[in-house]
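Novice: One structure, as structure tokens, below. Some questions next.
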Amino acid sequence: MRWFELLGWGFELIIALGSILFIATSLKERALRAGLVGLAILGALNGVIVFLLLYLEEGRKGGIIILDAVFILLAISLLTPIGKKLPLRVVGKITRVDERDIPFSRIRYEIGSPIYEQYYARHPEAKGIYDRIRLLPGLAAPGTPTYSPLGAPLSHAQFDFLEELADLVDVPPHTNRVEVDTQCMSASLKETIKYLGAKLIGITELNQDYVYTHIGRRPGKYGQKVELTHKYAIIFAVEMDYKMIRAAPNLPVIIETGKQYIEAARIALVIANYIRRLGYPARAHIDANYQSMLPPVAADAGLGEIGRNNILITRPYGARVRLGLVTTDLPLVPDKPILFGVQDFCQRCRKCADNCPSKAISPDKKKVIRGIEKWEFDPEKCFAYWNSVGTDCALCIHTCPFSKPDNLLHRAIRYAIDKSVVARQLSVWMDDLFYGRTPRSEAYPTFINLLKKEV
């Protein structure tokens, strides 16, 4: 057997094994379209290659050498560093956010109350928008298409539980301080948080640009200036269940959101209390009790990058995570931000924007917003849709190609995306081909189906 034939058979073996892996992974993920399209395309490709290697007599040598060259060039273009990986650019002074201005705060201002009157006297442009949102049924509420008399109370119970934790987030530390080695303490904390259930953990110096200016929700007095002077931020991510997210925008997503917010709160409260017992101040930042925005802090700590949908995209789980944060003065070693091609990929992909039912995610180029060059996002459109559909939607999470399960196949694709601009373009096209431009909502897990039944 001549060298070019041997090389050809080597490539055929790699492609055949890759085909088996892809089809097996698709079946395991219940991605029927991907499995069928993969079977057709990869089966045909394998057949052509074997035909060339075995039966094509005329010009056989030249054809096989060309085939070898194509595969070598493709491998080089996909696996070697080609193209730049650019971060989000800060192009001016970052404007801090007032928590009183976020949708979750604005919706709580009761019509006619002093807070309502004072707030909308300062922000008359927002009054009409939120008065219209107040007329919508609301999250997990009767009158929404996703409402279930058995399922909705489970969601409410989860968030009621989180509200009960408000007074635990920030209490004084113990007076006896334990001296620590910063390297050892940082490594120990990461392993401890991982043991408690987090998937990704990072440490960064807290950037005050991401700290809210004023309190808009409890705990603390409404309108009070936020005084978060801690030097360090310990931030972590918990994984959201892939099967639950695939049901977006239906009932499973808000139940999964509540569950993972509870998991993040549990870990953050334990770690904050642990640090306080070492004699250092620490605050747990949990759902409805944040004093800082979490996605940019997570990006600073190396957990991922901010995507077109304005939420964190992680390398292993995409947008399919929830974040928890502990700020502290415990001396720690900061991590560095990472880049793995998200900005370039999101510029090409636009799948979250195309599938956003509220059109809250811009399909256009980046703009300078609060001093940062990023994609525009309309939180009011997003929040209004939540209150009309009855869940927190999650279609931008479900449709993100990075959000697929963390297995061998998708790790290989993410590796190529990290390395090459060619892989970023090709993977966008391939994701559309195999999974569809508009992924459909999948079947509910069994216990959700039981909760959907009428009583």
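By convention here, the chains of the structure tokens are called A, B, ... in the order presented, each chain's residues are numbered starting at 1, and ligands are numbered starting at 1 in the order presented.
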Produce a table with one row for each residue of segment 358-454 of chain A that has an atom at most 7 Å from any atom of segment 144-147 of chain A, each row naming the nearest atom pair and its distance in Å at one decimal; use only C-alpha atoms; arrange rows by chain and rising residue number; format as a Markdown table.

Specialist:
| residue | atom | partner | partner_atom | distance |
| --- | --- | --- | --- | --- |
| A:Ser388 | CA | A:Thr144 | CA | 6.0 |
| A:Val389 | CA | A:Thr144 | CA | 5.2 |
| A:Gly390 | CA | A:Thr144 | CA | 5.2 |

Novice: Can you check which residues of segment 195-232 of chain A DSSP gives as strand (DSSP E) on the backbone and send them as a list in words?

Specialist: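 Across segment 195-232 of chain A, those assigned strand (DSSP E) are Leu200, Ile201, Gly202, Ile203, Thr204, Glu205 and Tyr232 of chain A.
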
Novice: Any idea what's packed within 10 Å of segment 77-92 of chain A, counting only C-alpha atoms, ignoring anything in its chain fewer than 6 positions away? Could you give it as a ChimeraX atom specification?

Specialist: /A:71,299,305-307,337-345,366,368-375,412-413,415-424,426

Novice: Output C-alpha atoms of each residue in that selection to a file, as an mmCIF file, in the first residue's frame.

Specialist:
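The result, stored in selection16.cif:
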data_model
loop_
_atom_site.group_PDB
_atom_site.id
_atom_site.type_symbol
_atom_site.label_atom_id
_atom_site.label_comp_id
_atom_site.auth_asym_id
_atom_site.auth_seq_id
_atom_site.Cartn_x
_atom_site.Cartn_y
_atom_site.Cartn_z
ATOM 1 C CA PHE A 71 -8.221 16.842 5.043
ATOM 2 C CA ALA A 299 -15.903 37.310 33.219
ATOM 3 C CA GLU A 305 -17.233 35.721 28.317
ATOM 4 C CA ILE A 306 -20.298 37.935 27.927
ATOM 5 C CA GLY A 307 -22.238 36.917 24.828
ATOM 6 C CA PRO A 337 -10.005 36.496 32.360
ATOM 7 C CA ILE A 338 -10.178 33.973 29.526
ATOM 8 C CA LEU A 339 -11.000 34.280 25.840
ATOM 9 C CA PHE A 340 -12.232 31.373 23.747
ATOM 10 C CA GLY A 341 -13.713 33.086 20.694
ATOM 11 C CA VAL A 342 -17.150 34.068 22.031
ATOM 12 C CA GLN A 343 -17.149 37.629 20.657
ATOM 13 C CA ASP A 344 -16.306 36.507 17.134
ATOM 14 C CA PHE A 345 -18.659 33.516 17.345
ATOM 15 C CA LYS A 366 -22.162 46.280 18.923
ATOM 16 C CA VAL A 368 -21.124 51.637 23.193
ATOM 17 C CA ILE A 369 -23.399 51.146 26.223
ATOM 18 C CA ARG A 370 -22.402 52.495 29.645
ATOM 19 C CA GLY A 371 -18.822 52.805 28.406
ATOM 20 C CA ILE A 372 -18.611 49.207 27.099
ATOM 21 C CA GLU A 373 -18.754 48.147 23.464
ATOM 22 C CA LYS A 374 -21.331 45.348 23.452
ATOM 23 C CA TRP A 375 -24.554 44.155 21.866
ATOM 24 C CA ALA A 412 -13.818 18.957 20.527
ATOM 25 C CA ILE A 413 -15.975 21.548 18.741
ATOM 26 C CA TYR A 415 -11.675 23.453 21.309
ATOM 27 C CA ALA A 416 -11.703 24.203 17.586
ATOM 28 C CA ILE A 417 -13.805 27.363 18.144
ATOM 29 C CA ASP A 418 -11.254 28.496 20.687
ATOM 30 C CA LYS A 419 -8.413 28.005 18.226
ATOM 31 C CA SER A 420 -9.643 29.100 14.827
ATOM 32 C CA VAL A 421 -11.801 31.727 13.166
ATOM 33 C CA VAL A 422 -12.465 29.141 10.435
ATOM 34 C CA ALA A 423 -13.936 26.789 13.037
ATOM 35 C CA ARG A 424 -16.129 29.589 14.384
ATOM 36 C CA LEU A 426 -17.965 26.549 10.107
#

Novice: Compile a residue-level contact table for segment 204-311 of chain A against segment 348-359 of chain A at a cut-off of 10 Å, reporting for every qualifying residue the shortest atom pair and its distance in Å to one decimal, with only C-alpha atoms counted, rows ordered by chain and ascending number, as a Markdown table.

Specialist:
| residue | atom | partner | partner_atom | distance |
| --- | --- | --- | --- | --- |
| A:Pro249 | CA | A:Pro357 | CA | 9.6 |
| A:Gly307 | CA | A:Cys352 | CA | 9.7 |
| A:Arg308 | CA | A:Arg350 | CA | 7.5 |
| A:Asn309 | CA | A:Cys352 | CA | 6.6 |

Novice: With distances taken over only C-alpha atoms, which of A:Glu125, A:Glu99, A:Asp431, A:Glu179 is nearest to Arg277 of chain A?

Specialist: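 So, comparing all the options, the nearest one is A:Glu179.
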
Novice: Using only C-alpha atoms, which of A:Asp406, A:Glu376, A:Asp287, A:Asp181 sits nearest Glu163 of chain A?

Specialist: A:Asp287

Novice: In Å, rounded to a single decimal, give me how far atom CA of Ile254 of chain A is from atom CA of Gly324 of chain A.

Specialist: 17.4 Å

Novice: Between atom CA of Arg414 of chain A and atom CA of Leu206 of chain A, what distance in Å does the model show, to one decimal?

Specialist: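 If I compute the distance from atom CA of Arg414 of chain A to atom CA of Leu206 of chain A, I get 28.8 Å.
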
Novice: Measuring atom to atom with only C-alpha atoms, identify which of A:Leu73, A:Ala233, A:Ile361, A:Ile15 is nearest to Pro379 of chain A.

Specialist: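 Of A:Leu73, A:Ala233, A:Ile361, A:Ile15, the one nearest Pro379 of chain A, counting only C-alpha atoms, is A:Ile361.
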
Novice: Please provide as a PyMOL selection string all residues within 12 Å of segment 17-31 of chain A, with the sequence filter that same-chain residues fewer than 2 positions apart are discarded (counting only C-alpha atoms).

Specialist: chain A and resi 10-15+33-47+242-243+246+404-410+412-413+431+434-436+439-443

Novice: Select from segment 284-366 of chain A everything DSSP, run on the backbone, classes as alpha helix (DSSP H), then give the selection as a list in words.

Specialist: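 DSSP on the backbone gives alpha helix (DSSP H) at Leu294, Pro295, Pro296, Val297, Ala298, Ala299, Asp300, Val342, Gln343, Asp344, Phe345, Cys346, Gln347, Arg348, Cys349, Lys351, Cys352, Ala353, Asp354 and Asn355 of chain A.
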
Novice: With N, CA and C atoms retained, could you export that selection as a CSV table (one decimal), in the first residue's frame?

Specialist:
chain,number,residue,atom,x,y,z
A,294,LEU,N,-23.4,40.2,38.5
A,294,LEU,CA,-22.6,39.0,38.5
A,294,LEU,C,-21.9,38.7,37.2
A,295,PRO,N,-22.5,38.7,36.0
A,295,PRO,CA,-21.9,38.3,34.8
A,295,PRO,C,-20.5,39.0,34.5
A,296,PRO,N,-20.4,40.3,34.6
A,296,PRO,CA,-19.1,40.9,34.4
A,296,PRO,C,-18.0,40.5,35.4
A,297,VAL,N,-18.5,40.3,36.7
A,297,VAL,CA,-17.5,39.8,37.7
A,297,VAL,C,-17.0,38.4,37.3
A,298,ALA,N,-18.0,37.6,36.9
A,298,ALA,CA,-17.6,36.2,36.5
A,298,ALA,C,-16.6,36.3,35.3
A,299,ALA,N,-16.8,37.2,34.4
A,299,ALA,CA,-15.9,37.3,33.2
A,299,ALA,C,-14.5,37.7,33.7
A,300,ASP,N,-14.5,38.7,34.6
A,300,ASP,CA,-13.2,39.1,35.2
A,300,ASP,C,-12.5,37.9,35.9
A,342,VAL,N,-15.7,33.8,21.9
A,342,VAL,CA,-17.1,34.1,22.0
A,342,VAL,C,-17.6,35.3,21.2
A,343,GLN,N,-16.8,36.4,21.3
A,343,GLN,CA,-17.1,37.6,20.7
A,343,GLN,C,-17.3,37.4,19.1
A,344,ASP,N,-16.3,36.8,18.6
A,344,ASP,CA,-16.3,36.5,17.1
A,344,ASP,C,-17.4,35.5,16.8
A,345,PHE,N,-17.6,34.5,17.6
A,345,PHE,CA,-18.7,33.5,17.3
A,345,PHE,C,-20.0,34.2,17.4
A,346,CYS,N,-20.3,35.0,18.4
A,346,CYS,CA,-21.6,35.6,18.6
A,346,CYS,C,-21.9,36.6,17.5
A,347,GLN,N,-20.9,37.3,17.0
A,347,GLN,CA,-21.0,38.2,15.9
A,347,GLN,C,-21.6,37.4,14.7
A,348,ARG,N,-21.1,36.2,14.4
A,348,ARG,CA,-21.5,35.4,13.3
A,348,ARG,C,-22.8,34.7,13.5
A,349,CYS,N,-23.1,34.2,14.7
A,349,CYS,CA,-24.1,33.3,15.0
A,349,CYS,C,-25.5,34.0,15.0
A,351,LYS,N,-28.0,33.5,16.7
A,351,LYS,CA,-29.2,32.5,16.9
A,351,LYS,C,-30.0,33.0,18.1
A,352,CYS,N,-29.4,33.5,19.2
A,352,CYS,CA,-30.2,33.9,20.3
A,352,CYS,C,-31.1,35.1,19.9
A,353,ALA,N,-30.6,36.0,19.1
A,353,ALA,CA,-31.4,37.2,18.7
A,353,ALA,C,-32.5,36.8,17.8
A,354,ASP,N,-32.2,35.9,16.8
A,354,ASP,CA,-33.2,35.4,15.9
A,354,ASP,C,-34.4,34.7,16.6
A,355,ASN,N,-34.1,34.0,17.7
A,355,ASN,CA,-35.1,33.2,18.4
A,355,ASN,C,-35.7,33.9,19.5

Novice: Using only C-alpha atoms, which of A:Arg315, A:Arg96, A:Lys381, A:Lys190 sits nearest Gly202 of chain A?

Specialist: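 Residue with the minimum atom-to-atom distance to Gly202 of chain A: A:Lys190.
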
Novice: Please provide as a list in words all residues within 10 Å of Lys231 of chain A, with the sequence filter that same-chain residues fewer than 6 positions apart are discarded (counting only C-alpha atoms).

Specialist: Thr204, Glu205, Leu206, Asn207, Gln208, Thr327, Thr328, Asp329, Leu330, Pro331 and Leu332 of chain A

Novice: If you measure from atom CA of Ile66 of chain A to atom CA of Leu53 of chain A, what distance in Å do you get, rounded to one decimal?

Specialist: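 For atom CA of Ile66 of chain A relative to atom CA of Leu53 of chain A, the distance reads 12.0 Å.
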
Novice: Which residues, written as a PyMOL selection string, have at least one atom at most 12 Å from segment 139-142 of chain A, with only C-alpha atoms counted and residues fewer than 2 positions away on the same chain left out?

Specialist: chain A and resi 104+107+133-134+136-137+144-159+249-255+258+383-393

Novice: Restricting the output to N, CA and C atoms, write the selected residues as a compact mmCIF listing (two decimals), in the first residue's frame.

Specialist:
# COMPACT_ATOMS: atom_id res chain seq x y z
N PHE A 104 -36.60 43.99 38.00
CA PHE A 104 -37.07 43.28 39.19
C PHE A 104 -37.38 44.24 40.33
N ILE A 107 -40.78 46.57 39.09
CA ILE A 107 -42.07 45.89 39.11
C ILE A 107 -42.64 45.79 40.52
N ILE A 133 -46.66 46.47 31.90
CA ILE A 133 -46.18 45.16 32.35
C ILE A 133 -47.00 44.68 33.55
N ARG A 134 -47.41 45.60 34.42
CA ARG A 134 -48.21 45.23 35.60
C ARG A 134 -49.57 44.66 35.21
N LEU A 136 -49.97 42.55 32.81
CA LEU A 136 -49.76 41.19 32.34
C LEU A 136 -49.91 40.21 33.51
N PRO A 137 -50.20 38.95 33.23
CA PRO A 137 -50.47 37.98 34.32
C PRO A 137 -49.34 37.84 35.32
N THR A 144 -51.39 32.69 31.95
CA THR A 144 -50.24 32.53 31.06
C THR A 144 -50.31 31.16 30.40
N PRO A 145 -49.75 31.01 29.20
CA PRO A 145 -49.84 29.73 28.48
C PRO A 145 -49.08 28.59 29.15
N THR A 146 -48.17 28.89 30.05
CA THR A 146 -47.38 27.85 30.70
C THR A 146 -47.89 27.52 32.10
N TYR A 147 -48.98 28.15 32.51
CA TYR A 147 -49.45 27.98 33.89
C TYR A 147 -49.95 26.56 34.15
N SER A 148 -49.62 26.07 35.33
CA SER A 148 -50.14 24.79 35.81
C SER A 148 -50.50 24.95 37.27
N PRO A 149 -51.70 24.56 37.69
CA PRO A 149 -52.10 24.72 39.09
C PRO A 149 -51.27 23.88 40.05
N LEU A 150 -50.59 22.85 39.53
CA LEU A 150 -49.69 22.06 40.37
C LEU A 150 -48.25 22.53 40.24
N GLY A 151 -47.82 22.92 39.05
CA GLY A 151 -46.44 23.30 38.82
C GLY A 151 -46.10 24.71 39.28
N ALA A 152 -47.00 25.67 39.07
CA ALA A 152 -46.71 27.06 39.43
C ALA A 152 -46.41 27.24 40.92
N PRO A 153 -47.17 26.60 41.81
CA PRO A 153 -46.84 26.75 43.24
C PRO A 153 -45.44 26.26 43.60
N LEU A 154 -44.91 25.26 42.86
CA LEU A 154 -43.55 24.80 43.12
C LEU A 154 -42.56 25.93 42.84
N SER A 155 -42.77 26.62 41.73
CA SER A 155 -41.90 27.75 41.40
C SER A 155 -41.99 28.84 42.46
N HIS A 156 -43.21 29.18 42.87
CA HIS A 156 -43.38 30.21 43.91
C HIS A 156 -42.72 29.77 45.21
N ALA A 157 -42.84 28.51 45.55
CA ALA A 157 -42.25 28.00 46.79
C ALA A 157 -40.73 28.16 46.78
N GLN A 158 -40.11 27.94 45.62
CA GLN A 158 -38.66 28.10 45.51
C GLN A 158 -38.24 29.54 45.77
N PHE A 159 -38.92 30.47 45.13
CA PHE A 159 -38.53 31.87 45.28
C PHE A 159 -38.95 32.45 46.64
N PRO A 249 -39.76 27.80 26.04
CA PRO A 249 -39.90 28.70 27.19
C PRO A 249 -40.94 28.22 28.21
N ASN A 250 -41.08 26.93 28.38
CA ASN A 250 -42.19 26.39 29.16
C ASN A 250 -41.84 26.19 30.65
N LEU A 251 -42.76 25.59 31.37
CA LEU A 251 -42.69 25.47 32.82
C LEU A 251 -41.37 24.94 33.37
N PRO A 252 -40.74 23.92 32.76
CA PRO A 252 -39.51 23.40 33.36
C PRO A 252 -38.41 24.44 33.57
N VAL A 253 -38.35 25.47 32.71
CA VAL A 253 -37.21 26.39 32.83
C VAL A 253 -37.28 27.22 34.11
N ILE A 254 -38.47 27.67 34.51
CA ILE A 254 -38.55 28.49 35.71
C ILE A 254 -38.37 27.64 36.97
N ILE A 255 -38.78 26.38 36.89
CA ILE A 255 -38.52 25.47 38.01
C ILE A 255 -37.03 25.18 38.13
N GLY A 258 -35.30 28.28 39.58
CA GLY A 258 -35.45 28.35 41.03
C GLY A 258 -34.55 27.37 41.75
N PHE A 383 -38.46 41.31 29.94
CA PHE A 383 -39.25 41.14 31.16
C PHE A 383 -40.74 41.12 30.87
N ALA A 384 -41.18 41.90 29.91
CA ALA A 384 -42.60 41.88 29.53
C ALA A 384 -42.99 40.52 28.99
N TYR A 385 -42.11 39.91 28.18
CA TYR A 385 -42.41 38.58 27.65
C TYR A 385 -42.48 37.56 28.78
N TRP A 386 -41.57 37.63 29.73
CA TRP A 386 -41.62 36.74 30.88
C TRP A 386 -42.99 36.78 31.54
N ASN A 387 -43.49 37.99 31.75
CA ASN A 387 -44.76 38.16 32.46
C ASN A 387 -45.97 37.80 31.62
N SER A 388 -45.79 37.68 30.33
CA SER A 388 -46.89 37.24 29.47
C SER A 388 -46.87 35.72 29.27
N VAL A 389 -45.67 35.12 29.19
CA VAL A 389 -45.57 33.68 28.97
C VAL A 389 -45.63 32.92 30.30
N GLY A 390 -45.23 33.58 31.41
CA GLY A 390 -45.32 32.96 32.72
C GLY A 390 -44.05 32.29 33.22
N THR A 391 -42.97 32.33 32.41
CA THR A 391 -41.69 31.77 32.83
C THR A 391 -40.58 32.75 32.48
N ASP A 392 -39.35 32.41 32.89
CA ASP A 392 -38.21 33.25 32.52
C ASP A 392 -37.62 32.83 31.18
N CYS A 393 -38.43 32.27 30.33
CA CYS A 393 -38.20 32.02 28.90
C CYS A 393 -37.03 31.07 28.63

Novice: Pick from A:Thr95, A:Glu380, A:Val50, A:Asn176: nearest to Tyr130 of chain A, with only C-alpha atoms counted?

Specialist: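 Using only C-alpha atoms, the shortest distance to Tyr130 of chain A belongs to A:Glu380.
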
Novice: Looking at only C-alpha atoms, which of A:Ala198, A:Tyr290, A:Tyr210, A:Met244 is the one that sits closest to Ile271 of chain A?

Specialist: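 Checking each of A:Ala198, A:Tyr290, A:Tyr210, A:Met244 against Ile271 of chain A, counting only C-alpha atoms, the winner is A:Ala198.
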
Novice: Residues near Leu168 of chain A, anyone? I mean within 9 Å using only C-alpha atoms, not counting same-chain ones fewer than 2 positions away, as a list in words.

Specialist: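 Near Leu168 of chain A, the qualifying residues are Glu164, Leu165, Ala166, Asp170, Val171, Leu269, Asn273, Arg283 and Ala284 of chain A.
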